[in-house]
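Structure first, commentary second.
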Amino acid sequence: MTSAQVDKEYGGDGPARGPAGNGADEEGYERGLGSRQVQMIAIGGAIGVGLFMGAGANIAKAGPSIILMYALAGVVIFFIMRALGELLLYRPVSGSFAEYAREFLGPFFGFATGWTYWLMWVVTGMAELTAAAIYIHFWFPQIPQWVSALVFLVVLFGVNLISVKIFGEVEFWFSMIKVTAIIGMIVIGLGVLTLGFSDAGDTATASNLWAHHGVFPNGIGSSLMTLQGVMFAYLAVELVGVTAGESENPEKTLPKAINTLPWRIIVFYVGALLVILSVVKWTEFSEGTSPFVHAFETMGIPLAAGIVNFVVLTAALSSCNSGMYSTGRMLRDLAANSEAPGAFGRLNSRKTPAIGISVSVALMGIGVVLNYIVPEKAFGYVTSVATAAGIWTWMMILISHIRYRRGVEAGRLPASSFPAPGGSLFSWVAVAFLALVTCLIAYDTDARISLYVGAVWAVFLATGWQYVKNRAPQRAKTSGTPDEPEYAPASE
């Protein structure tokens with residue numbers, strides 16, 4: 001397919017070809033995301049329901065060592081994001097993960113990565129909509145759950161359909177609420193520790209981090225088993241890569257967003273948990289209990305449950321909002337490579353992939369009904385599937401980066417203006433870490449279902465790929481393969 005054919009069929013050119021700044025606008029998107037919005041999307045992507053709600057169960061399992069687990073995972077996430085950053089400045093495109101997998105690993109891996117990332121956000125959207133409806137029940141128990149979920153679905157659908165500027169602004173304020181809540185928790189907690197005010201003033205002390213059976217009260221093995229839940233908390237941090245094709249100045253905004261990631265992890269995860277576990281003994285936390293709610297209640301702050309319920313509601317809506325944004329862009333990238341129906345590649349008059357977003361939202365709506373019918377454990381199953389899909393995406397980023405570095409060192413590719421420290425060394429470290437997390441998922445009887453779902457999904461992908469190859473054999477052979485990469489995207 002020529003670039004002219006892509007332009008004619010999809011209402012804009014295909015994925016940008018070439019280094020950063022050499023045609024990302026050719027994708028046809030509106031560059032409507034400013035630096036302020038990209039920065040806050042990056043911050044919000046590192047803060048989700050996994051921190052506000054999931055951390056309670058992880059604290060109960062690992063005790064104070066959960067802080068080390070979040071820090072360790074955060075280091076690996078930074079390696080992943082620096083690898084992605086180098087690729088983004090080499091060639092910034094909205095279908096970044098799939099495009100890089102397609103270019104450096106072969107067309108099947110681009111096909112599988114695009115559809116898997118799409119699946120991750122669809123199932124995450126199902127879970128988050130259901131969660132948001134449950135949170136509304138806190139204030140309005142008389143409203144049926146399906147009504148709340150439907151209202152949120154329609155509103156966020158409209159936000160994503162209107163324009164990328166509206167999406168960016170909504171996500172900016174969602175993220176602002178989450179950031180403010182965590183900073184407020186840290187400031188108040190430090191005040192309790194240093195000044196001794198509030199109901200927790202007499203018992204709050206830094207010694208709570210080691211005084212109750214040590215830092216690893218249940219053993220190192222129990223602490224390591226929390227890594228899968230910890231990684232779920234970091235899902236969506238890679239969303240910055242999807243915004244590349246719609247950022248006003250990707251060469252400036254993307255490196256800044258990625259380089260500030262360590263500070264976000266230190267403050268929002270490590271810092272918040274250090275304060276919480278100093279103010280409240282880790283033995284007081286349990287599964288299903290938000291550590292933020294419990295900490296506020298222990299300190300005797302009025303309306304604590306209502307405040308955190310509002311914050312968690314915005315976190316769920318933020319995740320669903322991001323999911324709708326991502327699914328439409330991924331489907332368009334797949335369509336541009338003849339790996340999805342051509343209709344998904346078209347942009348509406350506002351430069352948004354309306355058909356792809358609409359189909360994804362329809363499937364999320366089915367998920368609302370299913371989550372209303374099935375037992376409560378379905379939410380946990382869905383999040384474990386999302387984690388497995390996220391690990392695949394991160395793996396593809398890392399392996400693509402390793403292959404890209406090999407091409408640069410051989411002189412076949414131009415160097416990126418934002419090279420990852422250590423070259424491909426830290427990418428290999430991150431690959432090994434993700435492999436460890438996958439083994440831990442296999443060992444956990446509750447989380448293991450995600451691997452079963454992954455096996456079924458792999459069958460669907462293999463079947464779909466056979467159809468794609470038979471339908472467009474020339475397109476399926478244009479990208480490189482793992483054995484002999486051409487390091488050149490398809491452009492016939």
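Starting from 1 in every chain, residues are counted up; chains themselves are A, B, ... following the order of the structure tokens, and ligands are numbered from 1 as listed.
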Practice prompt. Just the residues within 8 Å of Val76 in chain A, please, counting only C-alpha atoms, with nothing from its chain fewer than 6 positions along; format it as number ranges by chain.
Written response: A: 429-430, 433
Hey, which bits of range 342-410 of chain A sit within 8 Å of range 323-334 of chain A, and for each residue what's the closest pair of atoms and how far apart in Å (one decimal), counting only C-alpha atoms, rows by chain and increasing number, as JSON lines?
{"residue": "A:Phe344", "atom": "CA", "partner": "A:Arg332", "partner_atom": "CA", "distance": 5.2}
{"residue": "A:Gly345", "atom": "CA", "partner": "A:Arg332", "partner_atom": "CA", "distance": 4.2}
{"residue": "A:Arg346", "atom": "CA", "partner": "A:Arg332", "partner_atom": "CA", "distance": 7.3}
{"residue": "A:Pro353", "atom": "CA", "partner": "A:Gly328", "partner_atom": "CA", "distance": 5.6}
{"residue": "A:Ala354", "atom": "CA", "partner": "A:Gly328", "partner_atom": "CA", "distance": 7.2}
{"residue": "A:Ile355", "atom": "CA", "partner": "A:Gly328", "partner_atom": "CA", "distance": 7.7}
{"residue": "A:Gly356", "atom": "CA", "partner": "A:Gly328", "partner_atom": "CA", "distance": 4.5}
{"residue": "A:Ile357", "atom": "CA", "partner": "A:Gly328", "partner_atom": "CA", "distance": 4.4}
{"residue": "A:Ser360", "atom": "CA", "partner": "A:Thr327", "partner_atom": "CA", "distance": 6.5}
{"residue": "A:Val361", "atom": "CA", "partner": "A:Met324", "partner_atom": "CA", "distance": 6.8}
Serialized selection, all heavy atoms, as a PDB file, in the first residue's frame:
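Output contents, as saved in part.pdb:
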ATOM      1  N   PHE A 344     -11.692   1.275  10.642  1.00  0.00           N
ATOM      2  CA  PHE A 344     -11.059   1.744  11.876  1.00  0.00           C
ATOM      3  C   PHE A 344      -9.988   2.799  11.608  1.00  0.00           C
ATOM      4  O   PHE A 344      -9.550   3.491  12.526  1.00  0.00           O
ATOM      5  CB  PHE A 344     -10.412   0.574  12.629  1.00  0.00           C
ATOM      6  CG  PHE A 344     -11.404  -0.400  13.204  1.00  0.00           C
ATOM      7  CD1 PHE A 344     -11.054  -1.730  13.378  1.00  0.00           C
ATOM      8  CD2 PHE A 344     -12.666   0.004  13.581  1.00  0.00           C
ATOM      9  CE1 PHE A 344     -11.956  -2.636  13.916  1.00  0.00           C
ATOM     10  CE2 PHE A 344     -13.584  -0.886  14.113  1.00  0.00           C
ATOM     11  CZ  PHE A 344     -13.230  -2.207  14.284  1.00  0.00           C
ATOM     12  N   GLY A 345      -9.533   2.898  10.369  1.00  0.00           N
ATOM     13  CA  GLY A 345      -8.462   3.832  10.047  1.00  0.00           C
ATOM     14  C   GLY A 345      -8.935   5.235   9.746  1.00  0.00           C
ATOM     15  O   GLY A 345      -8.115   6.142   9.610  1.00  0.00           O
ATOM     16  N   ARG A 346     -10.241   5.444   9.622  1.00  0.00           N
ATOM     17  CA  ARG A 346     -10.737   6.752   9.219  1.00  0.00           C
ATOM     18  C   ARG A 346     -10.834   7.711  10.400  1.00  0.00           C
ATOM     19  O   ARG A 346     -11.211   7.337  11.491  1.00  0.00           O
ATOM     20  CB  ARG A 346     -12.107   6.614   8.557  1.00  0.00           C
ATOM     21  CG  ARG A 346     -12.082   5.735   7.311  1.00  0.00           C
ATOM     22  CD  ARG A 346     -13.378   5.852   6.524  1.00  0.00           C
ATOM     23  NE  ARG A 346     -13.343   4.931   5.404  1.00  0.00           N
ATOM     24  CZ  ARG A 346     -13.976   3.758   5.380  1.00  0.00           C
ATOM     25  NH1 ARG A 346     -14.688   3.385   6.420  1.00  0.00           N
ATOM     26  NH2 ARG A 346     -13.888   2.976   4.332  1.00  0.00           N
ATOM     27  N   PRO A 353     -10.175   9.111  15.672  1.00  0.00           N
ATOM     28  CA  PRO A 353     -10.584   7.827  15.072  1.00  0.00           C
ATOM     29  C   PRO A 353     -11.917   7.370  15.646  1.00  0.00           C
ATOM     30  O   PRO A 353     -11.994   6.457  16.473  1.00  0.00           O
ATOM     31  CB  PRO A 353      -9.427   6.894  15.448  1.00  0.00           C
ATOM     32  CG  PRO A 353      -8.892   7.469  16.719  1.00  0.00           C
ATOM     33  CD  PRO A 353      -9.068   8.960  16.614  1.00  0.00           C
ATOM     34  N   ALA A 354     -13.004   8.003  15.186  1.00  0.00           N
ATOM     35  CA  ALA A 354     -14.315   7.844  15.813  1.00  0.00           C
ATOM     36  C   ALA A 354     -14.837   6.416  15.751  1.00  0.00           C
ATOM     37  O   ALA A 354     -15.416   5.911  16.723  1.00  0.00           O
ATOM     38  CB  ALA A 354     -15.312   8.799  15.156  1.00  0.00           C
ATOM     39  N   ILE A 355     -14.660   5.740  14.619  1.00  0.00           N
ATOM     40  CA  ILE A 355     -15.221   4.391  14.482  1.00  0.00           C
ATOM     41  C   ILE A 355     -14.514   3.424  15.421  1.00  0.00           C
ATOM     42  O   ILE A 355     -15.155   2.602  16.091  1.00  0.00           O
ATOM     43  CB  ILE A 355     -15.119   3.916  13.022  1.00  0.00           C
ATOM     44  CG1 ILE A 355     -15.969   4.818  12.119  1.00  0.00           C
ATOM     45  CG2 ILE A 355     -15.572   2.463  12.893  1.00  0.00           C
ATOM     46  CD1 ILE A 355     -15.884   4.477  10.648  1.00  0.00           C
ATOM     47  N   GLY A 356     -13.176   3.502  15.491  1.00  0.00           N
ATOM     48  CA  GLY A 356     -12.426   2.632  16.394  1.00  0.00           C
ATOM     49  C   GLY A 356     -12.812   2.858  17.847  1.00  0.00           C
ATOM     50  O   GLY A 356     -12.981   1.906  18.616  1.00  0.00           O
ATOM     51  N   ILE A 357     -12.966   4.126  18.234  1.00  0.00           N
ATOM     52  CA  ILE A 357     -13.376   4.439  19.607  1.00  0.00           C
ATOM     53  C   ILE A 357     -14.773   3.899  19.874  1.00  0.00           C
ATOM     54  O   ILE A 357     -15.052   3.320  20.930  1.00  0.00           O
ATOM     55  CB  ILE A 357     -13.330   5.960  19.855  1.00  0.00           C
ATOM     56  CG1 ILE A 357     -11.887   6.463  19.805  1.00  0.00           C
ATOM     57  CG2 ILE A 357     -13.961   6.316  21.198  1.00  0.00           C
ATOM     58  CD1 ILE A 357     -11.763   7.981  19.890  1.00  0.00           C
ATOM     59  N   SER A 360     -14.829   0.099  20.405  1.00  0.00           N
ATOM     60  CA  SER A 360     -14.220  -0.224  21.697  1.00  0.00           C
ATOM     61  C   SER A 360     -15.164   0.106  22.844  1.00  0.00           C
ATOM     62  O   SER A 360     -15.311  -0.665  23.802  1.00  0.00           O
ATOM     63  CB  SER A 360     -12.904   0.544  21.869  1.00  0.00           C
ATOM     64  OG  SER A 360     -11.993   0.227  20.837  1.00  0.00           O
ATOM     65  N   VAL A 361     -15.829   1.260  22.756  1.00  0.00           N
ATOM     66  CA  VAL A 361     -16.778   1.666  23.801  1.00  0.00           C
ATOM     67  C   VAL A 361     -17.950   0.703  23.864  1.00  0.00           C
ATOM     68  O   VAL A 361     -18.437   0.365  24.955  1.00  0.00           O
ATOM     69  CB  VAL A 361     -17.254   3.110  23.545  1.00  0.00           C
ATOM     70  CG1 VAL A 361     -18.449   3.454  24.430  1.00  0.00           C
ATOM     71  CG2 VAL A 361     -16.123   4.089  23.805  1.00  0.00           C
TER      72      VAL A 361
END
Item to complete: Show which residues sit within 6 Å of Gly201 in chain A, as number ranges by chain. Count only C-alpha atoms, and ignore same-chain residues fewer than 4 positions away.
Response: A: 192, 196-197
Response to the item:
Judged by only C-alpha atoms, the minimum distance to Leu72 in chain A among A:Phe104, A:Tyr452, A:Phe216, A:Tyr269 is found for A:Tyr269
Distance table requested - range 77-173 of chain A against range 387-403 of chain A, cut-off 10 Å, only C-alpha atoms: one row per qualifying residue with the closest atom pair and its distance in Å to one decimal, ordered by chain and rising residue number, as JSON lines.
{"residue": "A:Ile77", "atom": "CA", "partner": "A:Trp394", "partner_atom": "CA", "distance": 8.8}
{"residue": "A:Phe79", "atom": "CA", "partner": "A:Leu398", "partner_atom": "CA", "distance": 8.7}
{"residue": "A:Ile80", "atom": "CA", "partner": "A:Leu398", "partner_atom": "CA", "distance": 6.3}
{"residue": "A:Met81", "atom": "CA", "partner": "A:Ile397", "partner_atom": "CA", "distance": 8.7}
{"residue": "A:Arg82", "atom": "CA", "partner": "A:Leu398", "partner_atom": "CA", "distance": 9.6}
{"residue": "A:Ala83", "atom": "CA", "partner": "A:His401", "partner_atom": "CA", "distance": 5.8}
{"residue": "A:Leu84", "atom": "CA", "partner": "A:Ile397", "partner_atom": "CA", "distance": 6.2}
{"residue": "A:Gly85", "atom": "CA", "partner": "A:His401", "partner_atom": "CA", "distance": 9.6}
{"residue": "A:Glu86", "atom": "CA", "partner": "A:His401", "partner_atom": "CA", "distance": 7.8}
{"residue": "A:Leu87", "atom": "CA", "partner": "A:His401", "partner_atom": "CA", "distance": 6.7}
{"residue": "A:Ser96", "atom": "CA", "partner": "A:Ile397", "partner_atom": "CA", "distance": 8.9}
{"residue": "A:Phe97", "atom": "CA", "partner": "A:Ile397", "partner_atom": "CA", "distance": 6.1}
{"residue": "A:Ala98", "atom": "CA", "partner": "A:Met396", "partner_atom": "CA", "distance": 8.2}
{"residue": "A:Glu99", "atom": "CA", "partner": "A:Ser400", "partner_atom": "CA", "distance": 9.7}
{"residue": "A:Tyr100", "atom": "CA", "partner": "A:Ser400", "partner_atom": "CA", "distance": 6.0}
{"residue": "A:Ala101", "atom": "CA", "partner": "A:Ser400", "partner_atom": "CA", "distance": 5.7}
{"residue": "A:Arg102", "atom": "CA", "partner": "A:Ser400", "partner_atom": "CA", "distance": 8.8}
{"residue": "A:Glu103", "atom": "CA", "partner": "A:Ser400", "partner_atom": "CA", "distance": 8.1}
{"residue": "A:Phe104", "atom": "CA", "partner": "A:Ser400", "partner_atom": "CA", "distance": 5.6}
{"residue": "A:Leu105", "atom": "CA", "partner": "A:Ser400", "partner_atom": "CA", "distance": 6.7}
{"residue": "A:Phe109", "atom": "CA", "partner": "A:Met396", "partner_atom": "CA", "distance": 8.0}
{"residue": "A:Gly110", "atom": "CA", "partner": "A:Met396", "partner_atom": "CA", "distance": 8.9}
{"residue": "A:Ala112", "atom": "CA", "partner": "A:Trp392", "partner_atom": "CA", "distance": 9.4}
{"residue": "A:Thr113", "atom": "CA", "partner": "A:Thr393", "partner_atom": "CA", "distance": 6.2}
{"residue": "A:Gly114", "atom": "CA", "partner": "A:Thr393", "partner_atom": "CA", "distance": 8.6}
{"residue": "A:Trp115", "atom": "CA", "partner": "A:Ala389", "partner_atom": "CA", "distance": 9.8}
{"residue": "A:Thr116", "atom": "CA", "partner": "A:Ala389", "partner_atom": "CA", "distance": 6.0}
{"residue": "A:Tyr117", "atom": "CA", "partner": "A:Ala389", "partner_atom": "CA", "distance": 6.5}
{"residue": "A:Trp118", "atom": "CA", "partner": "A:Ala389", "partner_atom": "CA", "distance": 9.1}
{"residue": "A:Leu119", "atom": "CA", "partner": "A:Ala389", "partner_atom": "CA", "distance": 7.5}
{"residue": "A:Met120", "atom": "CA", "partner": "A:Ala389", "partner_atom": "CA", "distance": 5.5}
{"residue": "A:Trp121", "atom": "CA", "partner": "A:Ala389", "partner_atom": "CA", "distance": 9.1}
{"residue": "A:Val123", "atom": "CA", "partner": "A:Ala389", "partner_atom": "CA", "distance": 10.0}
{"residue": "A:Thr124", "atom": "CA", "partner": "A:Thr387", "partner_atom": "CA", "distance": 9.4}
Using only C-alpha atoms, which residues sit within 12 Å of Ile134 in chain A once same-chain residues fewer than 4 positions away are excluded, as a CSV table (one decimal) with N, CA and C atoms, in the first residue's frame?
chain,number,residue,atom,x,y,z
A,127,ALA,N,-13.6,-3.0,33.8
A,127,ALA,CA,-13.4,-3.0,35.2
A,127,ALA,C,-13.6,-1.6,35.9
A,128,GLU,N,-13.0,-0.6,35.2
A,128,GLU,CA,-13.0,0.7,35.8
A,128,GLU,C,-14.4,1.3,35.8
A,129,LEU,N,-15.2,1.0,34.7
A,129,LEU,CA,-16.6,1.5,34.7
A,129,LEU,C,-17.4,0.9,35.8
A,130,THR,N,-17.2,-0.4,36.0
A,130,THR,CA,-17.9,-1.1,37.1
A,130,THR,C,-17.5,-0.5,38.5
A,138,PHE,N,-21.6,4.8,47.0
A,138,PHE,CA,-21.2,5.3,48.3
A,138,PHE,C,-22.1,6.5,48.8
A,139,TRP,N,-22.4,7.4,47.8
A,139,TRP,CA,-23.2,8.6,48.1
A,139,TRP,C,-24.7,8.4,47.7
A,140,PHE,N,-24.9,7.6,46.6
A,140,PHE,CA,-26.3,7.5,46.1
A,140,PHE,C,-26.6,6.0,45.9
A,141,PRO,N,-26.9,5.3,47.0
A,141,PRO,CA,-27.1,3.9,46.9
A,141,PRO,C,-28.4,3.6,46.2
A,142,GLN,N,-29.3,4.5,46.0
A,142,GLN,CA,-30.6,4.3,45.4
A,142,GLN,C,-30.5,4.2,43.8
A,143,ILE,N,-29.3,4.7,43.3
A,143,ILE,CA,-29.1,4.7,41.9
A,143,ILE,C,-28.6,3.3,41.4
A,144,PRO,N,-29.3,2.7,40.5
A,144,PRO,CA,-28.9,1.4,40.0
A,144,PRO,C,-27.5,1.4,39.5
A,145,GLN,N,-26.7,0.4,39.7
A,145,GLN,CA,-25.3,0.4,39.3
A,145,GLN,C,-25.1,0.6,37.8
A,146,TRP,N,-26.0,-0.1,37.0
A,146,TRP,CA,-25.9,0.0,35.6
A,146,TRP,C,-26.1,1.4,35.0
A,147,VAL,N,-27.0,2.1,35.7
A,147,VAL,CA,-27.3,3.5,35.3
A,147,VAL,C,-26.0,4.4,35.4
A,148,SER,N,-25.4,4.3,36.6
A,148,SER,CA,-24.1,5.1,36.8
A,148,SER,C,-23.1,4.7,35.7
A,149,ALA,N,-22.9,3.4,35.5
A,149,ALA,CA,-21.9,2.9,34.6
A,149,ALA,C,-22.2,3.4,33.2
A,152,PHE,N,-21.4,7.3,32.8
A,152,PHE,CA,-20.0,7.5,32.7
A,152,PHE,C,-19.5,7.1,31.3
A,309,ASN,N,-13.0,8.4,48.5
A,309,ASN,CA,-13.9,7.7,47.5
A,309,ASN,C,-14.0,8.6,46.3
A,310,PHE,N,-14.0,9.9,46.5
A,310,PHE,CA,-14.1,10.8,45.3
A,310,PHE,C,-12.8,10.7,44.5
A,312,VAL,N,-10.7,8.1,44.3
A,312,VAL,CA,-10.7,6.8,43.7
A,312,VAL,C,-11.6,6.8,42.5
A,313,LEU,N,-12.8,7.5,42.6
A,313,LEU,CA,-13.7,7.6,41.5
A,313,LEU,C,-13.0,8.3,40.3
A,316,ALA,N,-10.6,5.9,38.6
A,316,ALA,CA,-11.2,5.0,37.8
A,316,ALA,C,-11.7,5.6,36.5
A,368,VAL,N,-19.8,-3.8,31.2
A,368,VAL,CA,-20.5,-3.3,32.3
A,368,VAL,C,-21.7,-4.3,32.7
A,371,ASN,N,-20.0,-7.5,34.2
A,371,ASN,CA,-19.5,-7.3,35.6
A,371,ASN,C,-20.7,-7.1,36.6
A,372,TYR,N,-21.8,-6.7,36.1
A,372,TYR,CA,-23.0,-6.5,36.9
A,372,TYR,C,-23.6,-7.9,37.3
A,376,GLU,N,-18.3,-10.8,42.4
A,376,GLU,CA,-17.3,-9.7,42.6
A,376,GLU,C,-15.9,-10.0,42.2
A,379,PHE,N,-13.8,-8.7,39.0
A,379,PHE,CA,-13.0,-7.5,38.9
A,379,PHE,C,-11.5,-7.9,39.0
Worksheet item: Excluding same-chain residues fewer than 2 positions from range 59-66 of chain A, what lies within 7 Å of it counting only C-alpha atoms, as number ranges by chain?
Response: A: 55-57, 68-70, 209, 215-218, 222-223, 277, 282-283, 285-287
Just-selected residues, C-alpha atoms written as a compact mmCIF listing (two decimals), in the first residue's frame:
# COMPACT_ATOMS: atom_id res chain seq x y z
CA ALA A 55 -1.94 -1.29 47.99
CA GLY A 56 -3.96 -2.41 51.03
CA ALA A 57 -3.77 -6.09 50.09
CA LEU A 68 10.93 -1.71 48.46
CA MET A 69 8.77 -3.65 45.99
CA TYR A 70 7.23 -0.44 44.61
CA LEU A 209 8.58 0.64 59.48
CA VAL A 215 10.83 -5.05 57.27
CA PHE A 216 10.06 -8.49 55.79
CA PRO A 217 7.58 -9.81 58.40
CA ASN A 218 6.25 -12.61 56.18
CA SER A 222 5.72 -13.21 50.30
CA SER A 223 7.10 -9.80 49.39
CA LEU A 277 3.21 3.06 57.18
CA TRP A 282 1.21 -2.22 58.74
CA THR A 283 -0.65 -4.87 60.76
CA PHE A 285 -4.19 -3.01 56.84
CA SER A 286 -6.10 -5.74 55.03
CA GLU A 287 -7.33 -6.66 51.57
Practice prompt. Looking only at helix (DSSP H, G or I) from DSSP on the backbone, list the matching residues of range 200-328 of chain A as number ranges by chain.
Written response: A: 206-209, 220-224, 227-233, 239-246, 250-259, 261-279, 282-284, 291-298, 304-328
Item to complete: For CA of Val154 in chain A and CA of Val293 in chain A, quote the distance in Å rounded to one decimal.
Response: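 A separation of 29.3 Å between them.
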Worksheet entry | All residues 12 Å or closer to Phe418 in chain A, only C-alpha atoms, same chain fewer than 4 positions away omitted, as a list in words | Pro19, Ala20, Met81, Arg82, Ala83, Leu84, Gly85, Glu86, Leu87, Leu88, Leu89, Tyr90, Arg91, Pro92, Pro250, Glu251, Lys252, Thr253, Leu254, Pro255, Lys256, Ile258, Asn259, Pro414 and Gly423 of chain A
Worksheet entry | Surrounding residues of Leu156 in chain A excluding itself and chain neighbours under 2 positions, 9 Å, only C-alpha atoms, as a PyMOL selection string | chain A and resi 151-154+158-161+167+317+320-321+324
Store the residues of this selection in a file with all heavy atoms, as an mmCIF file, in the first residue's frame.
data_model
loop_
_atom_site.group_PDB
_atom_site.id
_atom_site.type_symbol
_atom_site.label_atom_id
_atom_site.label_comp_id
_atom_site.auth_asym_id
_atom_site.auth_seq_id
_atom_site.Cartn_x
_atom_site.Cartn_y
_atom_site.Cartn_z
ATOM 1 N N VAL A 151 -23.966 6.146 32.321
ATOM 2 C CA VAL A 151 -23.750 7.597 32.250
ATOM 3 C C VAL A 151 -22.273 7.913 32.057
ATOM 4 O O VAL A 151 -21.896 8.726 31.197
ATOM 5 C CB VAL A 151 -24.285 8.283 33.522
ATOM 6 C CG1 VAL A 151 -23.831 9.749 33.566
ATOM 7 C CG2 VAL A 151 -25.799 8.212 33.574
ATOM 8 N N PHE A 152 -21.418 7.268 32.848
ATOM 9 C CA PHE A 152 -19.977 7.496 32.713
ATOM 10 C C PHE A 152 -19.492 7.084 31.323
ATOM 11 O O PHE A 152 -18.666 7.774 30.718
ATOM 12 C CB PHE A 152 -19.211 6.725 33.785
ATOM 13 C CG PHE A 152 -19.370 7.271 35.169
ATOM 14 C CD1 PHE A 152 -19.568 6.429 36.256
ATOM 15 C CD2 PHE A 152 -19.323 8.641 35.399
ATOM 16 C CE1 PHE A 152 -19.714 6.930 37.530
ATOM 17 C CE2 PHE A 152 -19.467 9.159 36.678
ATOM 18 C CZ PHE A 152 -19.666 8.304 37.748
ATOM 19 N N LEU A 153 -19.990 5.967 30.831
ATOM 20 C CA LEU A 153 -19.581 5.474 29.515
ATOM 21 C C LEU A 153 -19.916 6.493 28.433
ATOM 22 O O LEU A 153 -19.084 6.812 27.582
ATOM 23 C CB LEU A 153 -20.272 4.137 29.232
ATOM 24 C CG LEU A 153 -19.868 3.413 27.940
ATOM 25 C CD1 LEU A 153 -18.438 2.892 28.059
ATOM 26 C CD2 LEU A 153 -20.820 2.256 27.647
ATOM 27 N N VAL A 154 -21.143 7.024 28.475
ATOM 28 C CA VAL A 154 -21.586 7.975 27.449
ATOM 29 C C VAL A 154 -20.808 9.288 27.541
ATOM 30 O O VAL A 154 -20.372 9.833 26.517
ATOM 31 C CB VAL A 154 -23.096 8.242 27.600
ATOM 32 C CG1 VAL A 154 -23.531 9.380 26.673
ATOM 33 C CG2 VAL A 154 -23.887 6.977 27.270
ATOM 34 N N GLY A 158 -18.220 10.761 24.694
ATOM 35 C CA GLY A 158 -18.339 12.074 24.070
ATOM 36 C C GLY A 158 -17.060 12.878 24.171
ATOM 37 O O GLY A 158 -16.657 13.549 23.216
ATOM 38 N N VAL A 159 -16.403 12.808 25.324
ATOM 39 C CA VAL A 159 -15.138 13.518 25.529
ATOM 40 C C VAL A 159 -14.106 13.085 24.500
ATOM 41 O O VAL A 159 -13.402 13.922 23.902
ATOM 42 C CB VAL A 159 -14.608 13.273 26.954
ATOM 43 C CG1 VAL A 159 -13.142 13.690 27.066
ATOM 44 C CG2 VAL A 159 -15.450 14.035 27.967
ATOM 45 N N ASN A 160 -13.995 11.786 24.268
ATOM 46 C CA ASN A 160 -12.997 11.269 23.335
ATOM 47 C C ASN A 160 -13.383 11.503 21.878
ATOM 48 O O ASN A 160 -12.512 11.566 21.012
ATOM 49 C CB ASN A 160 -12.780 9.774 23.581
ATOM 50 C CG ASN A 160 -11.798 9.498 24.694
ATOM 51 O OD1 ASN A 160 -10.609 9.393 24.478
ATOM 52 N ND2 ASN A 160 -12.310 9.415 25.922
ATOM 53 N N LEU A 161 -14.684 11.622 21.616
ATOM 54 C CA LEU A 161 -15.136 11.771 20.239
ATOM 55 C C LEU A 161 -15.013 13.208 19.755
ATOM 56 O O LEU A 161 -14.792 13.459 18.573
ATOM 57 C CB LEU A 161 -16.597 11.314 20.133
ATOM 58 C CG LEU A 161 -17.019 10.618 18.838
ATOM 59 C CD1 LEU A 161 -16.144 9.411 18.577
ATOM 60 C CD2 LEU A 161 -18.488 10.215 18.917
ATOM 61 N N PHE A 167 -10.098 15.709 25.426
ATOM 62 C CA PHE A 167 -9.559 14.557 26.155
ATOM 63 C C PHE A 167 -8.407 14.994 27.046
ATOM 64 O O PHE A 167 -8.338 14.644 28.228
ATOM 65 C CB PHE A 167 -9.065 13.488 25.178
ATOM 66 C CG PHE A 167 -8.071 12.538 25.798
ATOM 67 C CD1 PHE A 167 -8.488 11.496 26.614
ATOM 68 C CD2 PHE A 167 -6.698 12.711 25.595
ATOM 69 C CE1 PHE A 167 -7.569 10.648 27.211
ATOM 70 C CE2 PHE A 167 -5.773 11.860 26.185
ATOM 71 C CZ PHE A 167 -6.220 10.818 26.995
ATOM 72 N N LEU A 317 -12.271 6.787 36.538
ATOM 73 C CA LEU A 317 -12.717 7.477 35.326
ATOM 74 C C LEU A 317 -11.538 7.894 34.465
ATOM 75 O O LEU A 317 -11.613 7.856 33.228
ATOM 76 C CB LEU A 317 -13.559 8.701 35.706
ATOM 77 C CG LEU A 317 -14.892 8.406 36.404
ATOM 78 C CD1 LEU A 317 -15.595 9.708 36.763
ATOM 79 C CD2 LEU A 317 -15.783 7.544 35.518
ATOM 80 N N CYS A 320 -10.423 4.809 32.566
ATOM 81 C CA CYS A 320 -11.359 4.500 31.483
ATOM 82 C C CYS A 320 -11.236 5.509 30.347
ATOM 83 O O CYS A 320 -11.273 5.151 29.165
ATOM 84 C CB CYS A 320 -12.785 4.482 32.027
ATOM 85 S SG CYS A 320 -14.006 3.865 30.856
ATOM 86 N N ASN A 321 -11.067 6.773 30.681
ATOM 87 C CA ASN A 321 -10.873 7.826 29.688
ATOM 88 C C ASN A 321 -9.632 7.556 28.842
ATOM 89 O O ASN A 321 -9.654 7.657 27.609
ATOM 90 C CB ASN A 321 -10.745 9.173 30.409
ATOM 91 C CG ASN A 321 -10.755 10.358 29.469
ATOM 92 O OD1 ASN A 321 -11.516 10.404 28.511
ATOM 93 N ND2 ASN A 321 -9.915 11.350 29.745
ATOM 94 N N MET A 324 -10.249 4.591 26.392
ATOM 95 C CA MET A 324 -10.957 4.932 25.154
ATOM 96 C C MET A 324 -10.023 5.627 24.173
ATOM 97 O O MET A 324 -10.066 5.360 22.966
ATOM 98 C CB MET A 324 -12.144 5.841 25.487
ATOM 99 C CG MET A 324 -13.257 5.158 26.232
ATOM 100 S SD MET A 324 -14.649 6.287 26.512
ATOM 101 C CE MET A 324 -15.692 5.261 27.564
#
Worksheet item: Do you have the CA of Ile47 in chain A-CA of Ala211 in chain A distance handy?
Response: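 Computing the Euclidean distance for CA of Ile47 in chain A and CA of Ala211 in chain A yields 28.8 Å.
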